[in-house]
Amino acid sequence: EMMKQTLKDKDEWLKQTLKDKDKIVLLMEKELLQAKGIFTARGVFEFFTKMAHSELVLQSCPISQKFIATETLRYLGQKENQTWFRNNPDSGGAYIWCRRILDAYSKCQAKCGNSSGLTLAEMYAHLSQDIHGRPWNKDSIALNNDLNPFVRCVISSLAENVGW
């Protein structure tokens, strides 16, 4: 009888341990994806860039119909010092996503500088380097302090802008 109870207790312990192990593995996998915050940062930046690209295409701007992040960001970069692009009263709400990117970029230049001189397209390249995986999850945006401070500031500003 005592042996039976001991085996039953061991079985229960083993079942619970396996359940806990599965939970731990899932948490570790999630932590691994967020470890450097690079997937998250790139995903946020790419989302905003795709939205801006759609606006540019809808407004018949001279840009490819096919989304190419660097082309979109270069186009925005050419326009970054033109107040027309941000503030043209005739544009109404046509360039909301474009303005969000440019405003975050300008805000962070003023806030923390851009000593590396990164353009928008170079920021994307910086975030994309060695990354070919799953995009961000809005419920788990995490940015590592090892990211370039200017890049981190722009990504944080973009996420805050839409309430993430």
# chains A, B, ... in the order shown; residues from 1 in each chain; ligands from 1

call {"tool": "residues_around", "arguments": {"residues": "Lys107 (chain A)", "least_positions_apart": "2", "cutoff": "12 Å", "atoms": "only C-alpha atoms", "output": "JSON list (two decimals) with C-alpha atoms, in the first residue's frame"}}
result
[["chain", "number", "residue", "atom", "x", "y", "z"],
["A", 99, "ARG", "CA", 4.50, 62.41, -40.94],
["A", 100, "ARG", "CA", 4.67, 60.03, -37.99],
["A", 101, "ILE", "CA", 7.98, 58.63, -39.23],
["A", 102, "LEU", "CA", 9.42, 62.06, -40.01],
["A", 103, "ASP", "CA", 8.20, 63.56, -36.74],
["A", 104, "ALA", "CA", 9.72, 60.71, -34.70],
["A", 105, "TYR", "CA", 12.97, 61.08, -36.62],
["A", 109, "GLN", "CA", 17.41, 64.09, -33.48],
["A", 110, "ALA", "CA", 16.54, 66.97, -31.17],
["A", 111, "LYS", "CA", 16.27, 64.74, -28.09],
["A", 112, "CYS", "CA", 19.34, 62.53, -28.33],
["A", 113, "GLY", "CA", 21.18, 63.60, -31.46],
["A", 114, "ASN", "CA", 22.15, 61.40, -34.33],
["A", 150, "PHE", "CA", 18.88, 57.21, -31.76],
["A", 151, "VAL", "CA", 17.33, 54.12, -33.38],
["A", 153, "CYS", "CA", 14.35, 56.56, -29.56],
["A", 154, "VAL", "CA", 12.73, 56.65, -33.01],
["A", 155, "ILE", "CA", 11.20, 53.17, -32.59],
["A", 156, "SER", "CA", 9.94, 54.00, -29.10],
["A", 157, "SER", "CA", 8.45, 57.25, -30.34],
["A", 158, "LEU", "CA", 6.65, 55.48, -33.18],
["A", 161, "ASN", "CA", 2.48, 57.46, -31.12]]

call {"tool": "residues_around", "arguments": {"residues": "region 46-56 of chain A", "least_positions_apart": "6", "cutoff": "7 Å", "atoms": "only C-alpha atoms", "output": "list in words"}}
result
Phe67, Ala69, Thr72, Ala94, Tyr95, Trp97 and Cys98 of chain A

call {"tool": "closest_residue", "arguments": {"among": "A:Thr6, A:Gly77, A:Asp146, A:Lys66", "to": "Met123 (chain A)", "atoms": "only C-alpha atoms"}}
result
A:Gly77

call {"tool": "closest_residue", "arguments": {"among": "A:Met3, A:Ser106, A:Glu122, A:Asp20", "to": "Glu71 (chain A)", "atoms": "only C-alpha atoms"}}
result
A:Glu122

call {"tool": "atom_distance", "arguments": {"atom1": "CA of Lys23 (chain A)", "atom2": "CA of Ala159 (chain A)"}}
result
28.7 Å
